Every structure is written in structure tokens, then in C-alpha cells.
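Below is one structure, written out as C-alpha cells; the observations come after it.
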Amino acid sequence: MKISLNWIKNYVDLSGISSDDITDKLTISGLEVEDIEDKAKLFDNFVVGYVKERKKHPNADKLSVCIVSTGEEDLNVVCGAPNVAAGQKIAFAKIGAVVPNGGFKITKAKLRGEVSMGMICSANELGISDDHSGIMVLDPSLPAGMPLAEALGLNDVVFELGITPNRPDALCHIGVARDLAAIFGRKMTLPEVDLKEIEEDINGAASIEVENTTGCPRYTAKVVKNVTVKESPEWLKQRLVAIGLRPINNIVDITNFILHEAGQPLHAFDLDMLKDHKIVVKNAMEGESFVTLDSKERKLSAADLMICDAAKPVAIAGVMGGENSEVTPETKNVLIESAYFNPSSIRKTAKRLILSTDASYRFERGTDPNNTLYAASRAAQLMAELGGGEVLKGTIDVYPQKIEPLKVNLRYARITTVMGFEIAEPDVKNILLGLGFTILSENKDSLDVEVPTYRPDIEREVDLIEEVARIYGYDKIPPVERIAIALEEKTDQSAYQDKLRETANSLGFYEMITNSLQPKEIASITGKTIDMLNPDSLDMASLRTSLLPGALIAVAKNLNVGQKDLMLFEVGHVFNKIAPEIKSFDDFSEENKIGFIITGKAQTTQWYEKERAFDIYDLKGLLSAFLDKIGLDNELKDLYTHVENKNFDYTFAKLYKDTVVGFGGAVSKDVLKKFDINQEVFAFEFNIEALKSIQLEPKRFKELLKYPKIVRDCAFILDRQITCEEVVNVIRKGSSALLKKVELFDIFESGNLGNNKKSMAFSLEYFDESRTLKDEEVEKDFNRAVETVKKELNAEFRGI
């Protein structure tokens, strides 16, 4: 945003302060100066010239030869403008000057045989306006030789400020002047409004109705009658030109002036073009069309707030007016709109319409709801002064629920704690008062502060402390010679994901990164989509509900270029809507997942092995290897189901206890057709947070066994329905603590064993960590186990 130093000086005395000091202090205080332009330097070697004589060029019909006086010398100048004449005061570029619009340097030249020692300039060439119809004729009272920047009031310094989104109050000259006044301890002076109103009451000339008070909490209007729409006076044009705006006419220029002076966007309606002289603030009809001031037709949404008259829309609230009510040279009666619109509403409309204006830029960041009356009155006064208008008595001000200033308690001790040093109490109060805050009450420990409504960023005590700190000066913070920091174990939040990536890479998978925004029809395949309000394109209309669609898009692209054998994985977040409408974080889910996908050939033809395609067992084996490498293979169990799933032909899941931590299988043929994939694809997704939450037993050192083991084998003939687990439990029940391991090593079924009988053979391992076992005690323990199985399971012992 551009700020004119000459303009700023109308509100605060900055005498004795250089532009460099202003630049440094503004930047340190948080209003970063990104660029600085000294207008006077832009017009070096430009002076007021006096055309002493003009005669026709002897060798060209459309050129003139002039004698121009610079106050010091008379120069021969060739000019092509049709309006140049003797006796004029003109803008003259001397040799060595660089023309602002074009950037070319003036040199001595010969044109059609006549020497030219400079250039008589137009307003367009000077970059002052778009007028290039002829040379710029100046006030005849200006002395020849006066520097042009001084003559035109362009001896100004313009600052380009980078205003952060939380500082809407600084998007105007008064806002920046307020900061400068506080920084340099100078007095701030606001323009006074002294309206001379006629007896005619405004309520008889216009009416306002606000249907949507949420979108428009306040709407203020003033009416000025019998104005003359004409060119603005020089001082007003100079103010606008200095910050890069193009003067249009006195009425429009006044609204632009107030916007950049006070930060309140205004709109001037031709009152006679409003049906029934009425304004209605309401939402648009879905699909309604409206032609804005830039002559473009806009398709509206039911969420867009509109300014209407009794019959039709006349402006998109807070964004841009319409052609059907704009001020024209024939306008006589003007209704001044000064409103406060809901920032969220304006931001959504401007974003959806891809239409950003100076007004919407300020409204969507938050203007001052209690500044609308002042801005409207100031504009009405200027229109009366500069347009000869008459201000009607009174104001229409629809403000059903007044927005009250916030009150915050500020403790001196807290300032010291946060800042690390003490700031004197008088300095704290002076800074707050200089910024426009009101001190409601105070005691020796704290202040009760009222926050003005033009500072929506100030909500808490720490915000006030930041204000004190930035105005006091971060450069004044004393250095600290020694800082003690407690060393704590650093937690790398991405370490687990990095481990998963490395593990997947080690198994031969390649990582892919796909877009988390997808077409709605693609994202909806795997879940309930969360749709973007203003997507950049239909291809990025919804958040992904699973990693699968993005992976299939990647597979399809690889197949299209002939890469048919793929092992890919991706780590990313997926989002699913839970409630019909998202009103809080509880209405949707966000999960961090790792997805695997394989397709094509698992093995190509070799002399020792035949070609083989990937199948579900390859996927399961790779996942088992993956889990084994991260220590979870023995923690998870498989669940195979035949439940119908629209995305997979057959599936399996990985469970930790009773919780599903991963799911996948063979992707459905119907799903593959949507992506033009004509080969089998297998995919699986793990929930990373679920994997990460599994508590593994810490690894411990186990000393090697010092004494020998004794192994005994046994076999039993049992009923077919008896399980291995039952037999093992009975063996352990009949054994002492010397038995350390029981393992099944053979199952045999035959009619020779008897009807519905089977044979199961087990290996029993005995040892003691403190001594060598004797055969006798092992034999005794072994026999007791055998007898217990025979007795409790009605088993027949087949021998060793």
C-alpha cells in the first residue's frame, strides 16, 4: 500500500524527522517499508518553462519551433503538440532529464533540420494522468525556472508498506499517522467535520432496509443534492496521483480520498437512478446476473450480499458497484453509502468472483464499524465544498446491535515478565494513549484499557504488551549477557514417518506424492467428501478421502507411458466428512496414512524362473515384511472377510487387538475401469497414528543358556475335534517349571487310527537356567505330562 508523506503531514507534525528515520521506525514497529520513492528526484531537470515564441517548422507541417525560457536561458525546442502557443507556462524537460513514462533520457537532437534543446511534456509523459492529447499547460502565475515537482506539489516521498492481515487499521493515512505520532511522541490531529445541512430531512429523500444484519451489521447513509460533477481541484488530484490513483471526477475522487484517508470504503450512488430512492441490503438470488462497473457480467450465488434498490441489484456489497447506478456527469443527487460488512462474507464473495478491489481488500480484513458516520459526514462535507451540493439534514444509520469496544486489563508486572525488562509506567500509558486506546481506570499494578474498534487484532493482554513493545522500540531491548536454557530431549515429530518411508524403500517400493485435492467424482469413490468453497478448478474441488484414488491416477499415468510393473507407496493425510454440515472440528476426520499399491509383474522371465504377475499373496507377504521390519509383525493379526466392498473384489485387514489399523485387497474391476486401468491392482492402507500408538515391549538383553537342554518327543491318538492348543495346555498343566517349550511338529490322519481319530506329535524342551538337569527328573516330569494327557483327553500314547 502506498502512503504519501505530504498527505501524512496533514495529521501529524513530522518536522525535523527525515524520511530515512520514518522508514526505520515504521519497519521496526511492524509496518514494513518495502520501497520508498522520492517524487522530487523523479522530476530532476524538469522545470516550469515559458513559451516566448512559437512558429511553424519550416520542414514539417505538424511540428512547431518554440523559444522556451527556463528563467536562466532561452532554448530552441521542437514540439509536435497541437495546443502549444506563445505565452504559455509549460512542463519543460531539460537535457539530461529522464521522462517518467517511458524512461528515455532527453538529449540534444535535430528534428527535420531544427535543433531541439529539450522537450515540452504532456501529463501522460509525466505519468500524472492518461491525457496525451496535448502538452500540459500550467498556471500562468508560476515563475519560469521553478522546479516542476514543487510547482505541481509533487515534491513528495511515497512509502510502499507491506501491511500484515492483522492490521486493517494501517490501510489508510490516518492509521499510519497514528503509529507515527505514537512512535515520535507527536500530537495527532484529525480533520474536523463541520457540516452545513439544509432543512430538508434525509428521511423524506431516501430509505434504507437491511434484511441481512449478519452480513451487514451497520449501514450509514448521507444524501447530498444539487451537486455538480466536474474535475477535481488540483490538491485532491495531487493526493490521488501521489499514491498511484487516476482522478476521475470530484464525486468519485472524494470517495477514493476518504478510503485512503480514513480506511472506510464508500460508494456514491446516483440517487435518482435508485427506484423509489430506496436501498435494500439482502442476499442475491442463486444464479442471478449482475453487470459491475468494469462492464463485466457476474454470476451470483445466494451467499453473495447485494445492495439493491426497490426493484434490482445496484452493487455487490463491499466489492464493486454496478453500471446501473454509477455517478455520471449528469448526476445531481448523490446517496453516500458508508457501511460495515461482515469480513468473512466479503472475503468469500471476492474470492469466488475472482474480483479484488480496494474496498474488498479492506472489508475482508475488517474495517471500523464505528467509523462509518464520520467517513460519510466527511465525504458529504467535501461534496458540498467541491461540488456545490447541499447536504440534507440528518443521517440514516441502521445499526441494530452496536459493536462495543473490548476491555482488557494490562498488568505492569506482566509486561516485565514477557519483555524481560521494565518499561516505565508513564511510557506505557503514553504509548497506549498515542495509539488511540482509552485508559478507563488504573492502579499501581495495572491499567484497564478500552480497545478501539479499529483494532480488531487486540484481544488479550499479550496483544497490548506487543503494542507497547513495538512502539517503545524493539531496538531498545537491552542485551542479555547470559541465558540459561534447560536441555530437554528433542522430539522429532517426523521421525516415525521417516522410518516408515525408509522401510518401504528397503522393500523395493518407490514413493509417490499425489495431490490432496481431487475431482469430487474421484474423491467420493472412497468416502464422504469435504468440498472446497472456491476451488481453483474442478480437478481440485474436494479433499481426498483415501490415498487410493491418487495412487490409481499415478498408476494410470505410468501405464500410459509403458511402465506397467509398479510398487509404489505414499504418506499423506486423508479427510472425511462425518456430519452433514461442517460447523466444528468434530464434524470431519483427518487421518495420517501410508498406502501401498502393486501391479504388473512380480517376476520377469529369467533362465531360472518363469514370469509371474503380482497377486494378493505378494501384497500380504510384502506387508508382513514391512511390519516385521518395524517390529509389529507379531503384534497384528489378519482378518479375512467376504463382506461386500464396492472398491475391492476381496479384502483383508490388519488388527491390533480389536482395532483395524490397516485395510486393503484386490481393487475392484469397476473402480479400475474409471481410471482406464486394465490389469490387476492390489492396494493397502495403514493408519500411521494407530501403528505409532502400539506400545512394543522394550528390547532386553538375555544371557545365553549355560546348561544343556533335554528334548523329549511324544505322540498321541486323539479325537479329531481336539485342538493343538488344548493338548499343549494339558501338557503344561501336567508338567513342572522345568518344561520351557512345547511345539507341534506333526499331524497325521488315517483310517487305521480309528474312526474320527488323528495323531499329533509334540516336542517338549526341558532346561534349568541354574543347573544341569538329570535324566531321571526329566523322565519323571515327562511321564507325568503324558499321563495327564491320556487321562484328561482320553488319548492313546503312541510312544516316543
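Identifiers in this document derive from the order of the C-alpha cells: chains are assigned A, B, ..., residues are numbered from 1 separately in each chain, and ligands are numbered from 1 in order of occurrence.
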
Would you list, as an MDAnalysis selection string, the residues of segment 171-337 of chain A that end up in helix (DSSP H, G or I) under DSSP run on this structure's backbone?
chainID A and resid 173:184 202:204 234:242 250:262 271:273 275:277 323:325

Could you pull the residues within 12 Å of Asp618 of chain A, counting only C-alpha atoms, minus those fewer than 2 positions along the same chain, as a PyMOL selection string?
chain A and resi 507+567+596-603+612-616+620-625+665-666+681-684

Dump N, CA, C and O atoms for the selected residues as a short mmCIF file (atom, residue, chain, number, x, y, z; two decimals), in the first residue's frame?
```
data_model
loop_
_atom_site.label_atom_id
_atom_site.label_comp_id
_atom_site.auth_asym_id
_atom_site.auth_seq_id
_atom_site.Cartn_x
_atom_site.Cartn_y
_atom_site.Cartn_z
N LEU A 507 12.12 -52.32 0.83
CA LEU A 507 11.39 -53.46 0.28
C LEU A 507 11.16 -53.33 -1.22
O LEU A 507 10.50 -54.19 -1.83
N MET A 567 5.60 -50.80 -7.94
CA MET A 567 5.50 -50.95 -6.49
C MET A 567 5.64 -49.54 -5.91
O MET A 567 6.73 -48.99 -5.87
N PHE A 596 0.05 -48.50 0.15
CA PHE A 596 0.90 -49.30 -0.74
C PHE A 596 0.06 -49.74 -1.93
O PHE A 596 -1.13 -50.04 -1.78
N ILE A 597 0.68 -49.82 -3.09
CA ILE A 597 -0.02 -50.30 -4.28
C ILE A 597 0.96 -51.06 -5.16
O ILE A 597 2.10 -50.62 -5.37
N ILE A 598 0.54 -52.24 -5.65
CA ILE A 598 1.39 -53.04 -6.54
C ILE A 598 0.56 -53.47 -7.74
O ILE A 598 -0.65 -53.72 -7.63
N THR A 599 1.18 -53.58 -8.88
CA THR A 599 0.51 -54.03 -10.10
C THR A 599 1.56 -54.48 -11.10
O THR A 599 2.73 -54.07 -11.03
N GLY A 600 1.16 -55.34 -12.02
CA GLY A 600 2.09 -55.81 -13.06
C GLY A 600 2.76 -57.10 -12.69
O GLY A 600 2.17 -57.98 -12.03
N LYS A 601 4.01 -57.25 -13.08
CA LYS A 601 4.75 -58.50 -12.90
C LYS A 601 5.57 -58.47 -11.63
O LYS A 601 6.32 -57.53 -11.37
N ALA A 602 5.42 -59.53 -10.84
CA ALA A 602 6.26 -59.68 -9.67
C ALA A 602 7.63 -60.22 -10.06
O ALA A 602 8.63 -59.94 -9.41
N GLN A 603 7.66 -61.01 -11.17
CA GLN A 603 8.91 -61.61 -11.63
C GLN A 603 8.88 -61.68 -13.15
O GLN A 603 7.91 -62.17 -13.74
N ARG A 612 5.89 -64.06 -13.63
CA ARG A 612 4.77 -64.23 -12.71
C ARG A 612 4.19 -62.85 -12.36
O ARG A 612 4.93 -61.89 -12.11
N ALA A 613 2.86 -62.75 -12.35
CA ALA A 613 2.20 -61.48 -12.03
C ALA A 613 1.99 -61.36 -10.52
O ALA A 613 1.93 -62.35 -9.79
N PHE A 614 1.91 -60.11 -10.05
CA PHE A 614 1.59 -59.87 -8.64
C PHE A 614 0.22 -60.46 -8.31
O PHE A 614 -0.71 -60.44 -9.14
N ASP A 615 0.09 -60.98 -7.09
CA ASP A 615 -1.22 -61.43 -6.61
C ASP A 615 -1.39 -60.99 -5.17
O ASP A 615 -0.53 -60.33 -4.59
N ILE A 616 -2.51 -61.37 -4.59
CA ILE A 616 -2.83 -60.93 -3.23
C ILE A 616 -1.81 -61.44 -2.22
O ILE A 616 -1.54 -60.79 -1.20
N LYS A 620 0.32 -59.43 0.67
CA LYS A 620 0.35 -59.86 2.07
C LYS A 620 1.78 -60.11 2.54
O LYS A 620 2.16 -59.74 3.66
N GLY A 621 2.59 -60.74 1.68
CA GLY A 621 3.97 -61.01 2.06
C GLY A 621 4.78 -59.74 2.24
O GLY A 621 5.57 -59.62 3.18
N LEU A 622 4.59 -58.78 1.33
CA LEU A 622 5.31 -57.50 1.44
C LEU A 622 4.89 -56.75 2.70
O LEU A 622 5.73 -56.14 3.37
N LEU A 623 3.59 -56.77 3.01
CA LEU A 623 3.12 -56.09 4.22
C LEU A 623 3.66 -56.77 5.47
O LEU A 623 4.02 -56.09 6.45
N SER A 624 3.75 -58.11 5.46
CA SER A 624 4.31 -58.83 6.61
C SER A 624 5.78 -58.46 6.80
O SER A 624 6.25 -58.25 7.92
N ALA A 625 6.51 -58.36 5.68
CA ALA A 625 7.92 -57.97 5.76
C ALA A 625 8.04 -56.53 6.28
O ALA A 625 8.94 -56.22 7.08
N GLY A 665 -6.76 -54.80 -0.34
CA GLY A 665 -7.02 -56.02 -1.08
C GLY A 665 -6.86 -55.83 -2.57
O GLY A 665 -6.07 -54.98 -3.01
N ALA A 666 -7.61 -56.61 -3.36
CA ALA A 666 -7.58 -56.51 -4.82
C ALA A 666 -8.60 -55.46 -5.25
O ALA A 666 -9.79 -55.59 -4.98
N VAL A 681 -4.71 -54.70 -9.82
CA VAL A 681 -4.03 -53.78 -8.91
C VAL A 681 -4.38 -54.19 -7.48
O VAL A 681 -5.54 -54.47 -7.16
N PHE A 682 -3.37 -54.20 -6.61
CA PHE A 682 -3.57 -54.56 -5.20
C PHE A 682 -3.11 -53.38 -4.34
O PHE A 682 -2.03 -52.83 -4.57
N ALA A 683 -3.93 -53.00 -3.36
CA ALA A 683 -3.63 -51.81 -2.57
C ALA A 683 -3.95 -52.05 -1.11
O ALA A 683 -4.82 -52.88 -0.77
N PHE A 684 -3.27 -51.31 -0.25
CA PHE A 684 -3.47 -51.44 1.20
C PHE A 684 -3.09 -50.13 1.87
O PHE A 684 -2.15 -49.47 1.45
#
```

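Proximity to Cys66 of chain A at 8 Å, evaluated using only C-alpha atoms and with sequence-adjacent residues fewer than 6 positions away removed, yields A:Val51, A:Lys52, A:Glu53, A:Arg54, A:Lys55, A:Asn76, A:Val77, A:Val78, A:Cys79.
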
Output C-alpha atoms of each residue in that selection to a file, as a JSON list (two decimals), in the first residue's frame.
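To be explicit, this is the file written out as out37.json:
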```json
[["chain", "number", "residue", "atom", "x", "y", "z"],
["A", 51, "VAL", "CA", 6.96, 29.72, -24.31],
["A", 52, "LYS", "CA", 8.22, 33.09, -25.52],
["A", 53, "GLU", "CA", 7.68, 32.40, -29.20],
["A", 54, "ARG", "CA", 6.09, 29.74, -31.43],
["A", 55, "LYS", "CA", 6.44, 29.44, -35.17],
["A", 76, "ASN", "CA", 15.20, 26.32, -29.16],
["A", 77, "VAL", "CA", 12.68, 23.43, -28.82],
["A", 78, "VAL", "CA", 10.80, 21.44, -31.48],
["A", 79, "CYS", "CA", 7.28, 20.44, -30.39]]
```

Between A:Thr529, A:Asn155, A:Thr503, A:Asn729, which one has atoms that come closest to Gly631 of chain A, using only C-alpha atoms?
A:Thr503

Segment 705-717 of chain A: which residues within 7 Å, counting only C-alpha atoms, same-chain residues fewer than 6 positions away excluded, as a count of residues only?
20

Taking only segment 168-387 of chain A into account, list the residues labelled strand (DSSP E) by DSSP (computed from the backbone), as an MDAnalysis selection string.
chainID A and resid 197:201 207:210 218:225 266:270 278:283 289:291 297:299 305:308 313:316 320:321 334:340

Write out as a VMD selection string the residues lying within 8 Å of Val327 of chain A, counting only C-alpha atoms and excluding same-chain residues fewer than 5 positions away.
chain A and resid 251 to 252 268 to 270 334

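Neighbouring residues of Gly420 of chain A at 12 Å or closer, counting only C-alpha atoms and skipping chain neighbours under 6 positions away, are A:Tyr412, A:Ala413, A:Arg414, A:Ile465, A:Ala469, A:Tyr474, A:Lys476, A:Ile477, A:Pro478, A:Pro479, A:Val480, A:Ile483.
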
Could you list, as a ChimeraX atom specification, every residue within 12 Å of Gly473 of chain A, counting only C-alpha atoms and ignoring same-chain residues fewer than 2 positions away?
/A:24-30,182-184,419,423,427,431,466-471,475-478

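Nearest residue to Glu192 of chain A among A:Asn10, A:Asp38, A:Ala86, A:Ser344 is A:Asn10, counting only C-alpha atoms.
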
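With only C-alpha atoms as the atoms that count, the minimum distance from Ile163 of chain A to the choices A:Phe588, A:Tyr361, A:Tyr510, A:Phe626 is reached by A:Tyr361.
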